[in-house]
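S.K.: structure.csv (CSV, C-alpha atoms and all ligand atoms) pasted underneath:
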chain,number,residue,atom,x,y,z
S,373,MET,CA,0.0,0.0,0.0
S,374,SER,CA,1.4,3.4,-0.9
S,375,GLU,CA,2.2,5.9,1.9
S,376,THR,CA,-0.3,8.7,2.4
S,377,ARG,CA,0.7,12.3,1.8
S,378,GLU,CA,0.8,12.9,5.6
S,379,SER,CA,3.0,9.9,6.3
S,380,LEU,CA,5.5,11.0,3.7
S,381,ASP,CA,6.2,14.3,5.4
S,382,PRO,CA,8.5,13.0,8.1
S,383,ARG,CA,10.4,11.0,5.5
S,384,ILE,CA,10.8,14.1,3.4
S,385,GLY,CA,12.0,16.0,6.4
S,386,ARG,CA,14.6,13.4,7.1
S,387,LEU,CA,15.8,13.5,3.4
S,388,HIS,CA,16.0,17.3,3.6
S,389,ALA,CA,17.9,17.3,6.9
S,390,HIS,CA,21.3,18.1,5.4
S,391,GLY,CA,19.8,20.8,3.1
S,392,ILE,CA,19.2,20.7,-0.6
S,393,VAL,CA,22.0,21.8,-3.0
S,394,ASP,CA,20.9,23.8,-6.1
S,395,LEU,CA,23.8,25.1,-8.0
S,396,HIS,CA,22.1,27.5,-10.3
S,397,PHE,CA,19.9,30.4,-9.3
S,398,ASP,CA,19.7,33.8,-10.9
S,399,LEU,CA,19.6,35.7,-7.7
S,400,LEU,CA,22.1,38.5,-8.2
S,401,ILE,CA,20.5,40.0,-11.3
S,402,ASP,CA,17.4,40.6,-9.2
S,403,LEU,CA,19.3,41.9,-6.1
S,404,TYR,CA,21.0,44.4,-8.5
S,405,GLU,CA,17.8,45.5,-10.3
S,406,LYS,CA,16.2,46.0,-6.9
S,407,ARG,CA,19.2,47.8,-5.4
S,408,ASN,CA,16.9,50.6,-4.3
S,409,GLN,CA,14.8,48.1,-2.3
S,410,PRO,CA,17.2,46.7,0.3
S,411,GLY,CA,16.1,43.7,2.3
S,412,VAL,CA,14.6,41.8,-0.7
S,413,LEU,CA,16.8,38.7,0.1
S,414,ILE,CA,15.1,38.4,3.5
S,415,SER,CA,11.6,39.5,2.5
S,416,HIS,CA,11.2,37.6,-0.7
S,417,PHE,CA,13.8,34.8,-1.0
S,418,LEU,CA,14.5,33.6,2.5
S,419,PRO,CA,10.9,32.3,3.1
S,420,GLU,CA,11.0,30.2,-0.1
S,421,PHE,CA,14.5,28.9,0.7
S,422,GLU,CA,13.4,27.9,4.2
S,423,ALA,CA,10.2,26.3,3.0
S,424,GLY,CA,12.3,24.2,0.6
S,425,ASP,CA,15.0,23.3,3.1
S,426,MET,CA,17.7,24.8,1.0
S,427,GLY,CA,21.3,24.2,2.2
S,428,VAL,CA,23.6,25.4,-0.5
S,429,ILE,CA,22.7,27.6,-3.5
S,430,GLY,CA,24.8,28.7,-6.4
S,431,VAL,CA,23.9,32.3,-7.1
S,432,ALA,CA,24.9,33.5,-10.5
S,433,ILE,CA,26.4,36.7,-11.8
S,434,TYR,CA,24.7,37.3,-15.2
S,435,VAL,CA,24.9,40.5,-17.2
S,436,GLU,CA,22.1,41.3,-19.5
S,437,ASP,CA,22.7,42.4,-23.1
S,438,ARG,CA,21.7,46.0,-22.5
S,439,TYR,CA,24.7,46.5,-20.2
S,440,LEU,CA,27.3,45.1,-22.6
S,441,PRO,CA,30.0,45.6,-23.3
S,442,GLU,CA,30.8,48.9,-21.5
S,443,LEU,CA,29.0,48.2,-18.2
S,444,GLY,CA,29.7,44.4,-18.0
S,445,LEU,CA,32.4,44.6,-15.3
S,446,ARG,CA,30.6,47.3,-13.3
S,447,VAL,CA,27.3,45.5,-13.2
S,448,ALA,CA,28.9,42.2,-12.2
S,449,LEU,CA,30.8,43.9,-9.4
S,450,ASP,CA,27.6,45.7,-8.3
S,451,GLN,CA,25.8,42.4,-8.3
S,452,ILE,CA,28.3,40.9,-5.9
S,453,ALA,CA,28.2,44.1,-3.8
S,454,ARG,CA,24.5,43.8,-3.4
S,455,LEU,CA,24.8,40.2,-2.3
S,456,TYR,CA,27.3,41.1,0.4
S,457,ALA,CA,25.1,44.0,1.6
S,458,GLU,CA,22.0,41.9,1.7
S,459,VAL,CA,23.7,39.0,3.5
S,460,GLU,CA,25.0,41.4,6.1
S,461,GLN,CA,21.4,42.1,7.1
S,462,THR,CA,20.8,38.6,8.5
S,463,ASP,CA,22.5,35.7,10.2
S,464,ARG,CA,20.7,33.2,7.9
S,465,PHE,CA,23.2,33.2,5.1
S,466,ALA,CA,26.9,32.8,4.6
S,467,ILE,CA,28.8,33.5,1.4
S,468,CYS,CA,31.2,30.6,1.2
S,469,LYS,CA,34.5,30.3,-0.6
S,470,THR,CA,35.7,26.9,0.7
S,471,PHE,CA,34.2,23.5,1.5
S,472,ALA,CA,35.1,24.1,5.2
S,473,GLU,CA,33.1,27.4,5.1
S,474,ILE,CA,30.1,25.5,3.6
S,475,THR,CA,30.4,22.9,6.3
S,476,ARG,CA,30.6,25.6,9.1
S,477,ALA,CA,27.6,27.5,7.6
S,478,ARG,CA,25.5,24.3,7.5
S,479,ALA,CA,26.5,23.4,11.1
S,480,ALA,CA,25.3,26.8,12.2
S,481,ASN,CA,22.0,26.3,10.2
S,482,LYS,CA,22.9,29.0,7.7
S,483,ILE,CA,22.2,28.7,4.0
S,484,ALA,CA,25.5,28.6,2.2
S,485,LEU,CA,25.8,30.8,-0.9
S,486,LEU,CA,28.3,30.0,-3.6
S,487,ILE,CA,28.9,32.8,-6.1
S,488,THR,CA,29.0,31.6,-9.7
S,489,MET,CA,29.4,33.4,-13.0
S,490,GLU,CA,27.2,32.6,-16.1
S,491,GLY,CA,29.2,34.0,-19.0
S,492,VAL,CA,32.6,35.7,-18.7
S,493,GLU,CA,31.5,39.0,-20.3
S,494,PRO,CA,32.5,40.8,-17.1
S,495,LEU,CA,36.2,39.9,-17.7
S,496,GLY,CA,36.2,41.4,-21.2
S,497,GLU,CA,39.4,39.9,-22.5
S,498,ASP,CA,41.4,40.5,-19.3
S,499,LEU,CA,42.4,37.3,-17.6
S,500,ASN,CA,43.7,39.2,-14.5
S,501,LEU,CA,40.1,40.1,-13.6
S,502,LEU,CA,39.3,36.4,-13.0
S,503,ARG,CA,41.6,36.6,-10.0
S,504,VAL,CA,39.6,39.6,-8.7
S,505,PHE,CA,36.4,37.7,-9.0
S,506,TYR,CA,38.0,34.7,-7.3
S,507,GLU,CA,39.0,36.9,-4.4
S,508,LEU,CA,35.4,38.2,-4.1
S,509,GLY,CA,34.2,34.6,-3.9
S,510,VAL,CA,33.4,33.3,-7.4
S,511,ARG,CA,34.0,29.6,-7.3
S,512,MET,CA,32.2,28.3,-10.4
S,513,VAL,CA,32.4,29.8,-13.9
S,514,GLY,CA,30.5,29.0,-17.1
S,515,LEU,CA,32.2,30.5,-20.1
S,516,THR,CA,29.1,31.6,-22.0
S,517,HIS,CA,25.4,32.0,-21.9
S,518,ALA,CA,23.6,31.6,-25.2
S,519,ARG,CA,25.5,34.5,-26.9
S,520,ARG,CA,29.0,34.6,-28.2
S,521,ASN,CA,31.7,36.3,-26.1
S,522,ALA,CA,35.5,36.6,-26.0
S,523,ALA,CA,35.8,33.0,-24.6
S,524,GLY,CA,33.5,31.1,-26.9
S,525,SER,CA,29.9,30.6,-28.1
S,526,GLY,CA,26.8,29.3,-26.5
S,527,GLY,CA,24.6,26.5,-27.8
S,528,ILE,CA,21.4,27.7,-29.4
S,529,PHE,CA,17.9,26.7,-28.6
S,530,ALA,CA,17.5,24.7,-31.7
S,531,PRO,CA,18.5,21.1,-32.7
S,532,THR,CA,21.3,22.4,-35.0
S,533,GLY,CA,23.0,25.6,-36.0
S,534,SER,CA,25.1,26.7,-33.1
S,535,PRO,CA,28.4,28.3,-34.1
S,536,ARG,CA,30.8,25.6,-35.2
S,537,ASP,CA,33.9,27.1,-33.6
S,538,GLY,CA,35.2,26.1,-30.2
S,539,LEU,CA,36.9,28.1,-27.5
S,540,THR,CA,39.0,31.1,-28.4
S,541,ALA,CA,42.5,31.4,-27.1
S,542,PHE,CA,41.1,33.5,-24.3
S,543,GLY,CA,38.5,30.9,-23.5
S,544,ARG,CA,41.3,28.3,-23.2
S,545,ASP,CA,43.2,30.6,-20.9
S,546,VAL,CA,40.1,31.1,-18.7
S,547,VAL,CA,39.7,27.3,-18.3
S,548,ARG,CA,43.4,26.9,-17.3
S,549,GLU,CA,43.3,29.9,-14.9
S,550,CYS,CA,40.1,28.5,-13.3
S,551,GLU,CA,41.8,25.2,-12.6
S,552,ARG,CA,44.9,27.0,-11.3
S,553,LEU,CA,42.9,29.2,-8.9
S,554,GLY,CA,40.4,26.5,-7.8
S,555,ILE,CA,37.3,27.6,-9.7
S,556,ILE,CA,35.0,24.8,-10.9
S,557,VAL,CA,34.4,25.0,-14.7
S,558,ASP,CA,30.7,24.8,-15.6
S,559,LEU,CA,29.7,23.5,-19.0
S,560,ALA,CA,26.1,24.8,-18.9
S,561,HIS,CA,25.2,26.6,-22.2
S,562,ILE,CA,28.5,26.1,-24.1
S,563,ASN,CA,28.1,25.0,-27.7
S,564,PRO,CA,28.9,21.4,-28.7
S,565,ARG,CA,32.4,22.2,-30.0
S,566,GLY,CA,33.2,24.3,-27.0
S,567,PHE,CA,32.1,21.5,-24.8
S,568,GLU,CA,34.5,19.1,-26.5
S,569,ASP,CA,37.3,21.7,-26.1
S,570,ILE,CA,36.8,22.1,-22.3
S,571,VAL,CA,36.6,18.4,-21.7
S,572,ALA,CA,39.9,17.9,-23.6
S,573,LEU,CA,41.6,20.8,-22.0
S,574,SER,CA,40.6,20.5,-18.4
S,575,THR,CA,42.1,18.1,-15.9
S,576,LYS,CA,39.7,18.3,-12.9
S,577,PRO,CA,36.1,17.2,-12.6
S,578,VAL,CA,33.9,19.3,-14.9
S,579,ILE,CA,30.2,19.8,-14.1
S,580,ILE,CA,27.0,21.2,-15.7
S,581,SER,CA,25.2,23.4,-13.1
S,582,HIS,CA,21.9,23.4,-15.0
S,583,THR,CA,20.8,21.6,-18.1
S,584,ASN,CA,18.4,19.2,-19.6
S,585,VAL,CA,18.8,16.1,-21.8
S,586,ARG,CA,18.2,16.2,-25.5
S,587,LYS,CA,16.3,13.0,-25.4
S,588,PHE,CA,13.3,15.0,-24.1
S,589,TYR,CA,14.1,18.5,-25.5
S,590,ASP,CA,16.4,18.3,-28.5
S,591,ILE,CA,18.2,21.6,-28.6
S,592,GLU,CA,21.9,22.3,-28.6
S,593,ARG,CA,21.6,24.3,-25.4
S,594,ASN,CA,20.9,20.8,-23.8
S,595,ILE,CA,23.1,17.8,-23.7
S,596,ASN,CA,23.2,14.5,-25.6
S,597,ASP,CA,24.1,11.0,-24.3
S,598,GLU,CA,27.7,11.3,-25.4
S,599,GLN,CA,28.1,14.5,-23.4
S,600,ILE,CA,26.5,13.0,-20.4
S,601,LYS,CA,29.0,10.2,-20.5
S,602,ALA,CA,31.9,12.6,-20.9
S,603,ILE,CA,31.0,14.4,-17.7
S,604,SER,CA,30.7,11.1,-15.9
S,605,GLN,CA,34.1,9.9,-17.1
S,606,ARG,CA,35.6,13.1,-15.6
S,607,GLY,CA,33.9,12.5,-12.2
S,608,GLY,CA,31.5,15.3,-12.7
S,609,VAL,CA,27.8,16.0,-11.9
S,610,ILE,CA,25.0,17.2,-14.0
S,611,GLY,CA,22.4,19.5,-12.4
S,612,ILE,CA,18.9,19.1,-13.9
S,613,ASN,CA,17.1,22.3,-15.0
S,614,ALA,CA,13.4,22.8,-14.3
S,615,ILE,CA,12.6,25.2,-17.1
S,616,LEU,CA,13.5,23.3,-20.3
S,617,VAL,CA,12.1,19.8,-19.6
S,618,SER,CA,10.0,19.7,-22.7
S,619,PRO,CA,9.3,21.8,-25.8
S,620,ASN,CA,5.5,21.3,-25.0
S,621,PRO,CA,3.9,23.1,-22.1
S,622,GLU,CA,1.6,20.2,-21.4
S,623,GLU,CA,4.6,17.9,-21.0
S,624,SER,CA,6.4,20.3,-18.7
S,625,THR,CA,5.7,18.4,-15.5
S,626,LEU,CA,7.3,17.2,-12.4
S,627,ASP,CA,7.2,13.7,-13.8
S,628,ARG,CA,9.1,14.8,-16.9
S,629,TYR,CA,11.7,16.6,-14.7
S,630,ILE,CA,12.3,13.2,-13.0
S,631,ASP,CA,12.5,11.5,-16.4
S,632,HIS,CA,15.5,13.7,-17.1
S,633,ILE,CA,17.1,12.6,-13.8
S,634,GLU,CA,16.3,8.9,-14.6
S,635,HIS,CA,17.8,9.3,-18.1
S,636,VAL,CA,21.1,10.5,-16.7
S,637,ILE,CA,21.1,7.8,-14.1
S,638,GLY,CA,20.4,5.2,-16.7
S,639,LEU,CA,23.5,6.3,-18.6
S,640,ILE,CA,26.0,7.0,-15.9
S,641,GLY,CA,24.6,5.8,-12.6
S,642,ILE,CA,23.4,7.6,-9.5
S,643,ASN,CA,26.6,9.5,-8.7
S,644,GLY,CA,26.4,11.9,-11.6
S,645,VAL,CA,23.2,13.8,-11.1
S,646,GLY,CA,22.1,16.7,-9.0
S,647,ILE,CA,19.9,19.8,-8.9
S,648,GLY,CA,20.2,23.0,-11.0
S,649,PHE,CA,16.6,24.2,-10.8
S,650,ASP,CA,17.3,27.6,-12.6
S,651,PHE,CA,14.1,29.0,-11.1
S,652,CYS,CA,13.5,32.2,-13.1
S,653,GLU,CA,9.8,32.5,-13.6
S,654,TYR,CA,9.9,35.4,-11.1
S,655,LEU,CA,12.4,37.2,-13.3
S,656,PHE,CA,10.3,36.5,-16.4
S,657,GLU,CA,7.2,37.8,-14.8
S,658,GLN,CA,8.9,41.1,-14.1
S,659,LEU,CA,9.8,41.7,-17.7
S,660,PRO,CA,7.7,44.1,-19.8
S,661,PRO,CA,5.7,42.0,-22.5
S,662,GLY,CA,7.9,43.4,-25.3
S,663,VAL,CA,11.1,42.3,-23.7
S,664,ARG,CA,9.6,38.9,-23.0
S,665,GLU,CA,8.7,38.5,-26.7
S,666,GLU,CA,12.2,39.6,-27.7
S,667,LEU,CA,13.7,36.9,-25.4
S,668,ALA,CA,11.4,34.3,-26.8
S,669,THR,CA,12.5,35.1,-30.3
S,670,LYS,CA,16.2,35.3,-29.4
S,671,LEU,CA,16.2,32.2,-27.1
S,672,THR,CA,13.0,30.3,-26.4
S,673,THR,CA,9.9,30.4,-24.4
S,674,PRO,CA,10.5,28.5,-21.2
S,675,HIS,CA,7.7,26.3,-19.9
S,676,PHE,CA,7.7,26.5,-16.2
S,677,ILE,CA,6.6,23.4,-14.2
S,678,PRO,CA,3.5,24.5,-12.2
S,679,ASP,CA,4.5,22.7,-9.0
S,680,LEU,CA,8.2,23.3,-9.3
S,681,THR,CA,8.7,27.0,-10.0
S,682,ASN,CA,10.5,28.2,-6.9
S,683,HIS,CA,12.5,26.8,-4.0
S,684,SER,CA,9.4,26.4,-1.7
S,685,HIS,CA,8.4,23.6,-4.1
S,686,ALA,CA,11.4,21.4,-3.4
S,687,ARG,CA,9.2,19.1,-1.2
S,688,ASN,CA,7.0,18.4,-4.2
S,689,LEU,CA,10.1,17.0,-6.0
S,690,THR,CA,11.1,14.8,-3.1
S,691,ARG,CA,7.6,13.5,-2.7
S,692,LYS,CA,7.5,12.6,-6.4
S,693,LEU,CA,10.9,10.9,-6.2
S,694,ILE,CA,9.6,8.7,-3.4
S,695,GLU,CA,6.4,8.0,-5.3
S,696,ARG,CA,8.5,7.0,-8.4
S,697,GLY,CA,10.4,4.5,-6.2
S,698,PHE,CA,13.7,6.1,-5.6
S,699,SER,CA,15.5,4.8,-2.5
S,700,ASP,CA,16.3,7.2,0.3
S,701,GLY,CA,20.0,6.8,-0.4
S,702,ASP,CA,19.5,7.7,-4.0
S,703,ILE,CA,17.3,10.7,-3.2
S,704,GLU,CA,19.9,12.0,-0.8
S,705,LYS,CA,22.6,11.8,-3.5
S,706,ILE,CA,20.4,13.7,-6.0
S,707,LEU,CA,19.4,16.4,-3.6
S,708,HIS,CA,22.7,16.8,-1.7
S,709,GLY,CA,25.4,14.2,-1.7
S,710,ASN,CA,26.6,14.4,-5.3
S,711,TRP,CA,27.1,18.1,-5.4
S,712,MET,CA,28.8,18.1,-2.0
S,713,ARG,CA,31.3,15.6,-3.3
S,714,ILE,CA,32.2,18.2,-6.0
S,715,LEU,CA,32.3,21.1,-3.6
S,716,GLU,CA,34.7,19.2,-1.4
S,717,GLU,CA,37.3,20.2,-3.9
S,718,LEU,CA,36.9,23.9,-2.9
Q,801,ZN,ZN,21.3,29.5,-17.7
Starting from the file, lay out its structure as structure tokens.
M.R.:
Amino acid sequence: MSETRESLDPRIGRLHAHGIVDLHFDLLIDLYEKRNQPGVLISHFLPEFEAGDMGVIGVAIYVEDRYLPELGLRVALDQIARLYAEVEQTDRFAICKTFAEITRARAANKIALLITMEGVEPLGEDLNLLRVFYELGVRMVGLTHARRNAAGSGGIFAPTGSPRDGLTAFGRDVVRECERLGIIVDLAHINPRGFEDIVALSTKPVIISHTNVRKFYDIERNINDEQIKAISQRGGVIGINAILVSPNPEESTLDRYIDHIEHVIGLIGINGVGIGFDFCEYLFEQLPPGVREELATKLTTPHFIPDLTNHSHARNLTRKLIERGFSDGDIEKILHGNWMRILEEL
């Protein structure tokens, strides 16, 4: 007989006891845009994080097109500045630069924040600046978003047609410098040829903070089976994205999200999959309709999963994993353990 909704709650609580790790959240863009409304981290985000038992969150620096190229560096630094200012207002968060700091933050029941970078536009073509961002706490870097930059090109939201070229000389320098400094290289968004280049060039585990599998959504922004295996061979982890689970809105469901998890596990086993929710419906809703249409044309229209659109919904995922027959040990690895193994390197 299946467990009732009530009887699952204690089990979910136990599975969430160590805190969920989500390595991609576009938080800093919102803190920056709301820089005249201090306290938004506590008033808006903290309640959702707490309801979802979040333990570690990768918070991304991302610079919108309208600021580039001139203001890229300035906006990125300002995004970090806003994070520090917001975190200072509460004892519920810690910006962490090492695994020991993450462990300490969790022991003190704080939510550990790891600063990440989605696209190296803020560096321009100046490798020295990577060191500056490292000192400020950046510990994970994805070379590109969907657009081309000085490091390389992103995969497009179509089955073929991404730029054919791989990393530039600067992009290769960024990968080497990340490894030298101790920054995790993130392969989310990079085009197929750039993906190959990074795998060939890097020596440490490479990860994908947030992506989906092409089996269920066949676009070059997502990853195919060969790429999934390449990450596994390098000891990496793939975070499953909640906004590109299907090209069809009606198939954009929690079950389809878990299908992505199962597909990765089927190819590389339970140790290679984690969470990279990429919850951005809240950002999307704040855009004027014209900008939303422009984004849909340039990229794609994301189909948000109704019961998995923000961190407070994390329990829905865990409940569904239990219902789909995942063992407690496997759920723990998906929600927490696999990413923590990667973060141990910090
Ligand atoms: Zn992204």
S.K.: For a quick check of understanding, using only C-alpha atoms and all ligand atoms, which of S:Lys601, S:Arg407, S:Arg503, S:His561 has the smallest distance to ligand ZN 801 (chain Q)?
M.R.: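 Nearest to ligand ZN 801 (chain Q): S:His561.
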S.K.: Quick one, how far is atom CA of S:Val546 from atom CA of S:Tyr434?
M.R.: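 Computing the Euclidean distance for atom CA of S:Val546 and atom CA of S:Tyr434 yields 17.0 Å.
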S.K.: Please provide the set of residues having any atom within 12 Å of S:Glu460, restricted to all atoms listed in the file, with same-chain residues fewer than 5 positions apart removed, written as a PyMOL selection string.
M.R.: chain S and resi 410-411+413-414+453-455+465-467
S.K.: Using all atoms listed in the file, find each residue with an atom at most 10 Å away from ligand ZN 801 (chain Q) and format the answer as a PDB file with C-alpha atoms, in the coordinates of the input.
M.R.:
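Contents of the output file result_32.pdb:
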ATOM      1  CA  HIS S 396      22.100  27.500 -10.300  1.00  0.00           C
ATOM      2  CA  PHE S 397      19.900  30.400  -9.300  1.00  0.00           C
ATOM      3  CA  ASP S 398      19.700  33.800 -10.900  1.00  0.00           C
ATOM      4  CA  ALA S 432      24.900  33.500 -10.500  1.00  0.00           C
ATOM      5  CA  TYR S 434      24.700  37.300 -15.200  1.00  0.00           C
ATOM      6  CA  GLU S 490      27.200  32.600 -16.100  1.00  0.00           C
ATOM      7  CA  GLY S 491      29.200  34.000 -19.000  1.00  0.00           C
ATOM      8  CA  GLY S 514      30.500  29.000 -17.100  1.00  0.00           C
ATOM      9  CA  THR S 516      29.100  31.600 -22.000  1.00  0.00           C
ATOM     10  CA  HIS S 517      25.400  32.000 -21.900  1.00  0.00           C
ATOM     11  CA  ALA S 518      23.600  31.600 -25.200  1.00  0.00           C
ATOM     12  CA  ALA S 560      26.100  24.800 -18.900  1.00  0.00           C
ATOM     13  CA  HIS S 561      25.200  26.600 -22.200  1.00  0.00           C
ATOM     14  CA  SER S 581      25.200  23.400 -13.100  1.00  0.00           C
ATOM     15  CA  HIS S 582      21.900  23.400 -15.000  1.00  0.00           C
ATOM     16  CA  THR S 583      20.800  21.600 -18.100  1.00  0.00           C
ATOM     17  CA  ARG S 593      21.600  24.300 -25.400  1.00  0.00           C
ATOM     18  CA  ASN S 613      17.100  22.300 -15.000  1.00  0.00           C
ATOM     19  CA  ILE S 615      12.600  25.200 -17.100  1.00  0.00           C
ATOM     20  CA  GLY S 648      20.200  23.000 -11.000  1.00  0.00           C
ATOM     21  CA  PHE S 649      16.600  24.200 -10.800  1.00  0.00           C
ATOM     22  CA  ASP S 650      17.300  27.600 -12.600  1.00  0.00           C
ATOM     23  CA  PHE S 651      14.100  29.000 -11.100  1.00  0.00           C
ATOM     24  CA  CYS S 652      13.500  32.200 -13.100  1.00  0.00           C
TER      25      CYS S 652
END
S.K.: Under the rule that all atoms listed in the file are counted, which of S:Glu657, S:Glu592, S:Glu405, S:Asp425 is the nearest residue to S:His708?
M.R.: S:Asp425
S.K.: For a quick check of understanding, using all atoms listed in the file, which of S:Ala448, S:Ile633, S:Leu689, S:Val547 has the smallest distance to S:Lys587?
M.R.: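 The answer is S:Ile633, which sits nearest to S:Lys587.
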S.K.: Pick from S:His390, S:Arg713, S:Lys576, S:Lys670: nearest to S:Ile555, with only C-alpha atoms counted?
M.R.: S:Lys576
S.K.: With all atoms listed in the file as the atoms that count, which of S:Arg691, S:Arg520, S:Arg478, S:Arg544 lies nearest to S:Ile384?
M.R.: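 Ranking S:Arg691, S:Arg520, S:Arg478, S:Arg544 by distance to S:Ile384, first place goes to S:Arg691.
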S.K.: Could I get stretch 481-493 of chain S from the block written out with C-alpha atoms, as an mmCIF file, in the first residue's frame?
M.R.:
data_model
loop_
_atom_site.group_PDB
_atom_site.id
_atom_site.type_symbol
_atom_site.label_atom_id
_atom_site.label_comp_id
_atom_site.auth_asym_id
_atom_site.auth_seq_id
_atom_site.Cartn_x
_atom_site.Cartn_y
_atom_site.Cartn_z
ATOM 1 C CA ASN S 481 22.031 26.260 10.212
ATOM 2 C CA LYS S 482 22.856 28.976 7.695
ATOM 3 C CA ILE S 483 22.170 28.734 3.987
ATOM 4 C CA ALA S 484 25.509 28.562 2.188
ATOM 5 C CA LEU S 485 25.752 30.767 -0.911
ATOM 6 C CA LEU S 486 28.317 30.047 -3.585
ATOM 7 C CA ILE S 487 28.894 32.827 -6.109
ATOM 8 C CA THR S 488 28.969 31.605 -9.705
ATOM 9 C CA MET S 489 29.376 33.354 -13.045
ATOM 10 C CA GLU S 490 27.197 32.637 -16.079
ATOM 11 C CA GLY S 491 29.174 33.972 -19.034
ATOM 12 C CA VAL S 492 32.574 35.654 -18.683
ATOM 13 C CA GLU S 493 31.516 38.955 -20.284
#
